[in-house]
Structure formats: C-alpha cells, structure tokens
file input_18.cif (mmCIF, N, CA and C atoms)
data_run
loop_
_atom_site.label_atom_id
_atom_site.label_comp_id
_atom_site.auth_asym_id
_atom_site.auth_seq_id
_atom_site.Cartn_x
_atom_site.Cartn_y
_atom_site.Cartn_z
N MET A 1 0.84 -1.17 0.00
CA MET A 1 0.00 0.00 0.00
C MET A 1 0.89 1.24 0.00
N SER A 2 0.54 2.22 -0.79
CA SER A 2 1.34 3.43 -0.94
C SER A 2 0.84 4.52 0.00
N ASP A 3 1.78 5.38 0.43
CA ASP A 3 1.41 6.50 1.30
C ASP A 3 1.11 7.77 0.52
N SER A 4 1.16 7.71 -0.80
CA SER A 4 0.91 8.92 -1.59
C SER A 4 -0.59 9.21 -1.64
N PHE A 5 -0.91 10.47 -1.82
CA PHE A 5 -2.30 10.90 -1.82
C PHE A 5 -2.87 11.09 -3.21
N GLY A 6 -2.06 11.03 -4.24
CA GLY A 6 -2.54 11.26 -5.59
C GLY A 6 -2.39 12.72 -5.96
N PRO A 7 -2.86 13.07 -7.15
CA PRO A 7 -2.70 14.46 -7.60
C PRO A 7 -3.60 15.40 -6.78
N PRO A 8 -3.12 16.63 -6.55
CA PRO A 8 -3.95 17.58 -5.80
C PRO A 8 -5.15 18.05 -6.64
N ALA A 9 -6.17 18.45 -5.94
CA ALA A 9 -7.37 18.96 -6.61
C ALA A 9 -7.06 20.34 -7.20
N PRO A 10 -7.80 20.75 -8.22
CA PRO A 10 -7.60 22.09 -8.78
C PRO A 10 -7.84 23.17 -7.73
N LEU A 11 -7.22 24.33 -7.93
CA LEU A 11 -7.30 25.42 -6.97
C LEU A 11 -8.74 25.86 -6.72
N ALA A 12 -9.54 25.94 -7.75
CA ALA A 12 -10.94 26.38 -7.59
C ALA A 12 -11.70 25.42 -6.67
N VAL A 13 -11.45 24.13 -6.79
CA VAL A 13 -12.12 23.15 -5.94
C VAL A 13 -11.66 23.31 -4.49
N GLN A 14 -10.38 23.53 -4.30
CA GLN A 14 -9.85 23.72 -2.95
C GLN A 14 -10.42 24.97 -2.30
N LEU A 15 -10.52 26.06 -3.07
CA LEU A 15 -11.06 27.30 -2.52
C LEU A 15 -12.54 27.16 -2.17
N ARG A 16 -13.29 26.43 -3.00
CA ARG A 16 -14.71 26.21 -2.70
C ARG A 16 -14.88 25.38 -1.43
N SER A 17 -13.96 24.45 -1.18
CA SER A 17 -14.08 23.65 0.04
C SER A 17 -13.72 24.46 1.28
N LEU A 18 -12.94 25.52 1.12
CA LEU A 18 -12.59 26.38 2.26
C LEU A 18 -13.64 27.43 2.55
N ALA A 19 -14.49 27.73 1.59
CA ALA A 19 -15.46 28.81 1.72
C ALA A 19 -16.32 28.74 2.98
N PRO A 20 -16.86 27.59 3.38
CA PRO A 20 -17.69 27.58 4.59
C PRO A 20 -16.92 27.94 5.86
N HIS A 21 -15.63 27.69 5.87
CA HIS A 21 -14.83 27.96 7.05
C HIS A 21 -14.36 29.41 7.10
N VAL A 22 -14.36 30.08 5.97
CA VAL A 22 -13.86 31.45 5.89
C VAL A 22 -15.00 32.47 5.88
N ASN A 23 -16.24 32.03 5.64
CA ASN A 23 -17.36 32.95 5.52
C ASN A 23 -17.54 33.84 6.74
N GLY A 24 -17.29 33.33 7.91
CA GLY A 24 -17.44 34.13 9.12
C GLY A 24 -16.38 35.21 9.26
N HIS A 25 -15.34 35.14 8.47
CA HIS A 25 -14.23 36.09 8.57
C HIS A 25 -14.10 36.97 7.33
N ARG A 26 -15.13 37.00 6.49
CA ARG A 26 -14.97 37.71 5.22
C ARG A 26 -14.83 39.22 5.40
N TRP A 27 -15.48 39.82 6.42
CA TRP A 27 -15.32 41.26 6.63
C TRP A 27 -13.92 41.57 7.15
N ALA A 28 -13.39 40.70 7.99
CA ALA A 28 -12.03 40.90 8.47
C ALA A 28 -11.02 40.76 7.32
N ILE A 29 -11.28 39.83 6.41
CA ILE A 29 -10.40 39.67 5.25
C ILE A 29 -10.47 40.91 4.36
N ALA A 30 -11.66 41.47 4.21
CA ALA A 30 -11.81 42.69 3.40
C ALA A 30 -11.06 43.86 4.06
N ARG A 31 -11.14 43.96 5.40
CA ARG A 31 -10.40 45.02 6.10
C ARG A 31 -8.90 44.83 5.96
N VAL A 32 -8.44 43.58 6.02
CA VAL A 32 -7.01 43.31 5.83
C VAL A 32 -6.58 43.76 4.43
N ALA A 33 -7.39 43.46 3.43
CA ALA A 33 -7.06 43.87 2.07
C ALA A 33 -7.06 45.39 1.93
N LEU A 34 -8.02 46.05 2.57
CA LEU A 34 -8.08 47.51 2.51
C LEU A 34 -6.88 48.15 3.19
N LEU A 35 -6.55 47.70 4.39
CA LEU A 35 -5.38 48.24 5.08
C LEU A 35 -4.09 47.86 4.36
N GLY A 36 -4.08 46.70 3.74
CA GLY A 36 -2.90 46.27 3.00
C GLY A 36 -2.63 47.12 1.78
N THR A 37 -3.64 47.78 1.25
CA THR A 37 -3.42 48.69 0.13
C THR A 37 -3.27 50.14 0.58
N ALA A 38 -3.79 50.48 1.75
CA ALA A 38 -3.70 51.87 2.23
C ALA A 38 -2.29 52.20 2.71
N ALA A 39 -1.62 51.26 3.37
CA ALA A 39 -0.27 51.54 3.88
C ALA A 39 0.72 51.79 2.74
N PRO A 40 0.75 50.99 1.69
CA PRO A 40 1.65 51.31 0.57
C PRO A 40 1.25 52.59 -0.16
N ALA A 41 -0.03 52.93 -0.15
CA ALA A 41 -0.44 54.18 -0.79
C ALA A 41 0.18 55.37 -0.08
N LEU A 42 0.23 55.31 1.26
CA LEU A 42 0.91 56.38 1.99
C LEU A 42 2.40 56.37 1.70
N GLY A 43 2.97 55.19 1.54
CA GLY A 43 4.39 55.09 1.21
C GLY A 43 4.69 55.69 -0.16
N ALA A 44 3.72 55.63 -1.06
CA ALA A 44 3.92 56.21 -2.39
C ALA A 44 3.92 57.74 -2.34
N LEU A 45 3.32 58.31 -1.31
CA LEU A 45 3.30 59.77 -1.18
C LEU A 45 4.57 60.32 -0.54
N GLU A 46 5.38 59.48 0.07
CA GLU A 46 6.60 59.94 0.73
C GLU A 46 7.56 60.66 -0.21
N PRO A 47 7.85 60.13 -1.42
CA PRO A 47 8.75 60.87 -2.30
C PRO A 47 8.24 62.27 -2.67
N LEU A 48 6.92 62.42 -2.78
CA LEU A 48 6.38 63.75 -3.08
C LEU A 48 6.62 64.71 -1.92
N ALA A 49 6.45 64.21 -0.70
CA ALA A 49 6.70 65.06 0.46
C ALA A 49 8.19 65.40 0.58
N LEU A 50 9.04 64.44 0.28
CA LEU A 50 10.48 64.71 0.30
C LEU A 50 10.86 65.75 -0.75
N LYS A 51 10.31 65.62 -1.95
CA LYS A 51 10.61 66.59 -3.00
C LYS A 51 10.18 67.98 -2.58
N ARG A 52 8.99 68.07 -2.01
CA ARG A 52 8.48 69.38 -1.59
C ARG A 52 9.34 69.97 -0.48
N SER A 53 9.80 69.12 0.44
CA SER A 53 10.64 69.65 1.51
C SER A 53 12.01 70.09 0.99
N PHE A 54 12.59 69.36 0.05
CA PHE A 54 13.87 69.76 -0.51
C PHE A 54 13.75 70.99 -1.41
N ASP A 55 12.61 71.16 -2.04
CA ASP A 55 12.40 72.34 -2.87
C ASP A 55 12.35 73.62 -2.04
N THR A 56 12.04 73.51 -0.77
CA THR A 56 12.00 74.71 0.08
C THR A 56 13.40 75.18 0.47
N PHE A 57 14.42 74.35 0.24
CA PHE A 57 15.78 74.72 0.61
C PHE A 57 16.55 75.36 -0.55
N VAL A 58 15.87 75.87 -1.54
CA VAL A 58 16.56 76.54 -2.64
C VAL A 58 17.15 77.85 -2.12
N PRO A 59 18.20 78.35 -2.76
CA PRO A 59 18.80 79.60 -2.29
C PRO A 59 17.79 80.74 -2.29
N GLY A 60 17.81 81.50 -1.24
CA GLY A 60 16.92 82.65 -1.11
C GLY A 60 15.60 82.33 -0.44
N ALA A 61 15.30 81.06 -0.20
CA ALA A 61 14.03 80.71 0.44
C ALA A 61 14.18 80.81 1.95
N GLN A 62 13.09 81.07 2.61
CA GLN A 62 13.12 81.16 4.07
C GLN A 62 13.05 79.77 4.68
N LEU A 63 13.76 79.60 5.79
CA LEU A 63 13.79 78.30 6.46
C LEU A 63 12.43 77.95 7.07
N SER A 64 11.65 78.97 7.42
CA SER A 64 10.34 78.71 8.04
C SER A 64 9.38 78.04 7.06
N ARG A 65 9.62 78.19 5.76
CA ARG A 65 8.75 77.54 4.77
C ARG A 65 8.95 76.03 4.76
N ALA A 66 10.04 75.54 5.32
CA ALA A 66 10.32 74.10 5.31
C ALA A 66 9.53 73.35 6.37
N SER A 67 8.94 74.05 7.31
CA SER A 67 8.24 73.36 8.41
C SER A 67 6.99 72.62 7.92
N GLN A 68 6.26 73.21 7.00
CA GLN A 68 5.04 72.55 6.52
C GLN A 68 5.34 71.25 5.77
N PRO A 69 6.26 71.22 4.80
CA PRO A 69 6.55 69.95 4.12
C PRO A 69 7.16 68.90 5.07
N LEU A 70 7.98 69.33 6.00
CA LEU A 70 8.54 68.37 6.96
C LEU A 70 7.47 67.81 7.88
N ALA A 71 6.53 68.65 8.30
CA ALA A 71 5.42 68.17 9.12
C ALA A 71 4.55 67.19 8.33
N MET A 72 4.36 67.48 7.03
CA MET A 72 3.59 66.58 6.19
C MET A 72 4.30 65.22 6.06
N LEU A 73 5.63 65.25 5.91
CA LEU A 73 6.40 64.02 5.81
C LEU A 73 6.31 63.22 7.11
N LEU A 74 6.45 63.91 8.24
CA LEU A 74 6.33 63.21 9.53
C LEU A 74 4.93 62.64 9.72
N ALA A 75 3.91 63.36 9.29
CA ALA A 75 2.53 62.84 9.41
C ALA A 75 2.35 61.61 8.53
N LEU A 76 2.93 61.63 7.33
CA LEU A 76 2.83 60.46 6.45
C LEU A 76 3.52 59.25 7.07
N LEU A 77 4.71 59.48 7.62
CA LEU A 77 5.44 58.37 8.24
C LEU A 77 4.71 57.82 9.46
N ALA A 78 4.17 58.72 10.28
CA ALA A 78 3.43 58.27 11.46
C ALA A 78 2.15 57.53 11.05
N GLY A 79 1.45 58.06 10.06
CA GLY A 79 0.23 57.39 9.58
C GLY A 79 0.52 56.02 9.00
N LYS A 80 1.62 55.92 8.28
CA LYS A 80 2.00 54.63 7.70
C LYS A 80 2.31 53.61 8.80
N GLU A 81 2.98 54.04 9.85
CA GLU A 81 3.30 53.14 10.96
C GLU A 81 2.04 52.72 11.71
N VAL A 82 1.12 53.65 11.90
CA VAL A 82 -0.14 53.31 12.58
C VAL A 82 -0.93 52.31 11.74
N LEU A 83 -1.00 52.54 10.43
CA LEU A 83 -1.70 51.59 9.56
C LEU A 83 -1.01 50.23 9.55
N ALA A 84 0.32 50.22 9.55
CA ALA A 84 1.04 48.94 9.55
C ALA A 84 0.80 48.18 10.84
N THR A 85 0.75 48.90 11.96
CA THR A 85 0.47 48.25 13.24
C THR A 85 -0.94 47.68 13.26
N GLY A 86 -1.91 48.45 12.79
CA GLY A 86 -3.29 47.96 12.72
C GLY A 86 -3.41 46.78 11.77
N LEU A 87 -2.69 46.83 10.66
CA LEU A 87 -2.72 45.74 9.70
C LEU A 87 -2.14 44.47 10.31
N ASP A 88 -1.02 44.58 11.00
CA ASP A 88 -0.43 43.40 11.64
C ASP A 88 -1.39 42.78 12.64
N ARG A 89 -1.97 43.62 13.47
CA ARG A 89 -2.90 43.11 14.50
C ARG A 89 -4.12 42.45 13.85
N LEU A 90 -4.71 43.11 12.88
CA LEU A 90 -5.90 42.57 12.22
C LEU A 90 -5.57 41.32 11.42
N PHE A 91 -4.43 41.31 10.74
CA PHE A 91 -4.03 40.15 9.96
C PHE A 91 -3.88 38.93 10.85
N TRP A 92 -3.17 39.09 11.96
CA TRP A 92 -2.94 37.92 12.82
C TRP A 92 -4.20 37.46 13.52
N SER A 93 -5.04 38.38 13.94
CA SER A 93 -6.29 37.94 14.59
C SER A 93 -7.18 37.22 13.57
N THR A 94 -7.21 37.70 12.33
CA THR A 94 -7.99 37.03 11.30
C THR A 94 -7.40 35.67 10.97
N ARG A 95 -6.08 35.62 10.83
CA ARG A 95 -5.45 34.35 10.50
C ARG A 95 -5.66 33.33 11.61
N LEU A 96 -5.50 33.74 12.85
CA LEU A 96 -5.71 32.79 13.95
C LEU A 96 -7.17 32.37 14.06
N GLY A 97 -8.08 33.28 13.75
CA GLY A 97 -9.50 32.91 13.76
C GLY A 97 -9.82 31.87 12.69
N ILE A 98 -9.27 32.05 11.51
CA ILE A 98 -9.48 31.07 10.44
C ILE A 98 -8.80 29.75 10.79
N ASP A 99 -7.58 29.81 11.34
CA ASP A 99 -6.89 28.58 11.74
C ASP A 99 -7.68 27.82 12.80
N PHE A 100 -8.25 28.55 13.76
CA PHE A 100 -9.05 27.89 14.81
C PHE A 100 -10.30 27.27 14.21
N THR A 101 -10.93 27.96 13.27
CA THR A 101 -12.12 27.41 12.61
C THR A 101 -11.78 26.13 11.86
N LEU A 102 -10.66 26.14 11.14
CA LEU A 102 -10.24 24.93 10.41
C LEU A 102 -9.85 23.82 11.38
N LEU A 103 -9.22 24.17 12.48
CA LEU A 103 -8.85 23.16 13.48
C LEU A 103 -10.09 22.50 14.06
N ARG A 104 -11.08 23.30 14.38
CA ARG A 104 -12.33 22.74 14.93
C ARG A 104 -13.02 21.84 13.90
N ALA A 105 -12.86 22.18 12.62
CA ALA A 105 -13.51 21.37 11.58
C ALA A 105 -12.76 20.07 11.31
N THR A 106 -11.45 20.05 11.56
CA THR A 106 -10.67 18.87 11.19
C THR A 106 -10.38 17.94 12.35
N VAL A 107 -10.31 18.46 13.57
CA VAL A 107 -10.04 17.60 14.72
C VAL A 107 -11.38 17.09 15.24
N PRO A 108 -11.53 15.79 15.34
CA PRO A 108 -12.80 15.25 15.82
C PRO A 108 -13.14 15.74 17.23
N VAL A 109 -14.43 15.83 17.49
CA VAL A 109 -14.90 16.34 18.77
C VAL A 109 -14.43 15.46 19.92
N ARG A 110 -14.35 14.17 19.70
CA ARG A 110 -13.96 13.29 20.81
C ARG A 110 -12.53 13.55 21.26
N HIS A 111 -11.65 13.96 20.36
CA HIS A 111 -10.28 14.27 20.75
C HIS A 111 -10.24 15.56 21.55
N ARG A 112 -11.04 16.54 21.17
CA ARG A 112 -11.06 17.80 21.92
C ARG A 112 -11.61 17.57 23.31
N ALA A 113 -12.65 16.76 23.43
CA ALA A 113 -13.24 16.52 24.74
C ALA A 113 -12.28 15.77 25.64
N ARG A 114 -11.63 14.76 25.13
CA ARG A 114 -10.69 13.99 25.95
C ARG A 114 -9.47 14.81 26.34
N ALA A 115 -9.01 15.66 25.45
CA ALA A 115 -7.86 16.51 25.79
C ALA A 115 -8.22 17.47 26.90
N ALA A 116 -9.47 17.94 26.92
CA ALA A 116 -9.89 18.85 27.99
C ALA A 116 -10.02 18.12 29.31
N ASP A 117 -10.28 16.81 29.28
CA ASP A 117 -10.44 16.04 30.51
C ASP A 117 -9.11 15.63 31.15
N LEU A 118 -8.01 15.76 30.41
CA LEU A 118 -6.72 15.38 30.97
C LEU A 118 -6.32 16.35 32.07
N PRO A 119 -5.77 15.85 33.17
CA PRO A 119 -5.32 16.77 34.22
C PRO A 119 -4.08 17.52 33.76
N CYS A 120 -3.82 18.66 34.39
CA CYS A 120 -2.67 19.48 34.01
C CYS A 120 -1.35 18.78 34.28
N SER A 121 -1.31 17.88 35.26
CA SER A 121 -0.06 17.21 35.59
C SER A 121 0.25 16.06 34.62
N SER A 122 -0.70 15.67 33.80
CA SER A 122 -0.51 14.55 32.90
C SER A 122 0.66 14.71 31.94
N PRO A 123 0.84 15.88 31.27
CA PRO A 123 1.97 15.99 30.35
C PRO A 123 3.33 15.91 31.03
N ARG A 124 3.42 16.33 32.28
CA ARG A 124 4.71 16.32 32.95
C ARG A 124 5.14 14.91 33.36
N GLY A 125 4.18 14.08 33.69
CA GLY A 125 4.52 12.77 34.21
C GLY A 125 4.52 11.64 33.21
N SER A 126 4.20 11.92 31.95
CA SER A 126 4.13 10.83 30.99
C SER A 126 4.75 11.25 29.66
N SER A 127 5.00 10.27 28.85
CA SER A 127 5.60 10.54 27.54
C SER A 127 4.52 10.94 26.54
N GLY A 128 4.95 11.38 25.35
CA GLY A 128 4.01 11.75 24.31
C GLY A 128 3.15 10.60 23.86
N GLY A 129 3.73 9.40 23.80
CA GLY A 129 2.97 8.22 23.40
C GLY A 129 1.87 7.88 24.38
N ALA A 130 2.16 8.05 25.67
CA ALA A 130 1.13 7.80 26.69
C ALA A 130 0.01 8.79 26.59
N GLN A 131 0.32 10.05 26.29
CA GLN A 131 -0.73 11.05 26.14
C GLN A 131 -1.60 10.73 24.93
N ARG A 132 -0.97 10.31 23.84
CA ARG A 132 -1.73 9.96 22.64
C ARG A 132 -2.65 8.77 22.92
N ALA A 133 -2.15 7.79 23.65
CA ALA A 133 -2.97 6.64 23.98
C ALA A 133 -4.14 7.04 24.87
N ALA A 134 -3.92 8.00 25.76
CA ALA A 134 -5.00 8.47 26.62
C ALA A 134 -6.08 9.17 25.82
N LEU A 135 -5.68 9.87 24.74
CA LEU A 135 -6.65 10.57 23.90
C LEU A 135 -7.47 9.62 23.06
N LEU A 136 -6.88 8.50 22.66
CA LEU A 136 -7.58 7.56 21.80
C LEU A 136 -8.41 6.67 22.67
#

call {"tool": "encode", "arguments": {"input": "input_18.cif", "output": "structure tokens"}}
result
Amino acid sequence: MSDSFGPPAPLAVQLRSLAPHVNGHRWAIARVALLGTAAPALGALEPLALKRSFDTFVPGAQLSRASQPLAMLLALLAGKEVLATGLDRLFWSTRLGIDFTLLRATVPVRHRARAADLPCSSPRGSSGGAQRAALL
C-alpha cells in the first residue's frame, strides 16, 4: 500500500471547500485587504513630500517655509506606521480565527473533549505516546 495521496485537486475546488470555514471572517479579510493597500499608498506619497521639503531649501528661500513639508512628511510616516500596526494586528487575529475554525472542523470532537479532561499534571509525568494513547 502506498502512502501517496494522488494528484492535488484544482485550486478552484480547494477554494470552494474552504469557503464555509472562511465565511465568518470575510469582513475581516476585506479590512485586511483595505489596510494592506492603504499603507503602501501612503508610502507612495513619501517621495512627493520629500521633493516638496527639498524644494524649500533653494537659495533665497526662508527656512520657516520648510516646516510645513517636513510636518507633512512626519505625518505620512506616522500614519503609515499606525496603519502597519493595525494591519499586523488585524491580519494575525484574522489568520488565527481562520486557523481555529479549520482546526475545529478537522479535529474530531472526541479528541477535543478527551484533551480537555486530561489533568494538568498529565503531560509532565508521561511521555508523548502515553498522552496519545489516553486521547484515543
């Protein structure tokens, strides 16, 4: 008997089989996509702010005129960091939510129930094989 699984299913079939598990997270996925495009959009504005700030340093220009473009550049950088932080947090919470949903769908209920019934001292006093046997 062979341990191979055969050829993989087409991508469309695989995505359709994942749809029921991802449906509860579709708004979070949309927010991740939105934030994922907003942060680079702010990054694309940085060269414009840099150009404007360097243009204020031409001979004969007043130094006080440079404060507005520099403040704009700092605001862009701060906004980009805030968006990146929000994106990281939202991405990981969405990913872990989907992983937990898939885990609940793939691990049989009897294994989850038995694992919850094991005492906390059980892993310390026994080997991995003994724990597996206790779950089965």

call {"tool": "resolve_selection", "arguments": {"input": "input_18.cif", "expression": "the PyMOL selection byres ((chain A and resi 21-34) around 7)", "output": "count of residues only"}}
result
16

call {"tool": "atom_distance", "arguments": {"input": "input_18.cif", "atom1": "atom N of Thr85 of chain A", "atom2": "atom CA of Phe54 of chain A"}}
result
27.6 Å

call {"tool": "atom_distance", "arguments": {"input": "input_18.cif", "atom1": "atom C of Ala84 of chain A", "atom2": "atom CA of Pro47 of chain A"}}
result
19.9 Å

call {"tool": "atom_distance", "arguments": {"input": "input_18.cif", "atom1": "atom N of Arg95 of chain A", "atom2": "atom CA of Ala41 of chain A"}}
result
22.6 Å

call {"tool": "resolve_selection", "arguments": {"input": "input_18.cif", "expression": "the PyMOL selection byres ((chain A and resi 50-52) around 8)", "output": "ChimeraX atom specification"}}
result
/A:45-49,53-57,66,68-70,72-73

call {"tool": "select_by_dssp", "arguments": {"input": "input_18.cif", "residues": "segment 24-67 of chain A", "states": "alpha helix (DSSP H)", "output": "JSON, numbers by chain"}}
result
{"A": [26, 27, 28, 29, 30, 31, 32, 33, 34, 35, 36, 37, 38, 39, 40, 41, 42, 43, 44, 45, 46, 47, 48, 49, 50, 51, 52, 53, 54, 55, 67]}

call {"tool": "closest_residue", "arguments": {"input": "input_18.cif", "among": "A:Gly79, A:Asp99, A:Val58, A:Arg65", "to": "Leu42 of chain A", "atoms": "all atoms listed in the file"}}
result
A:Gly79
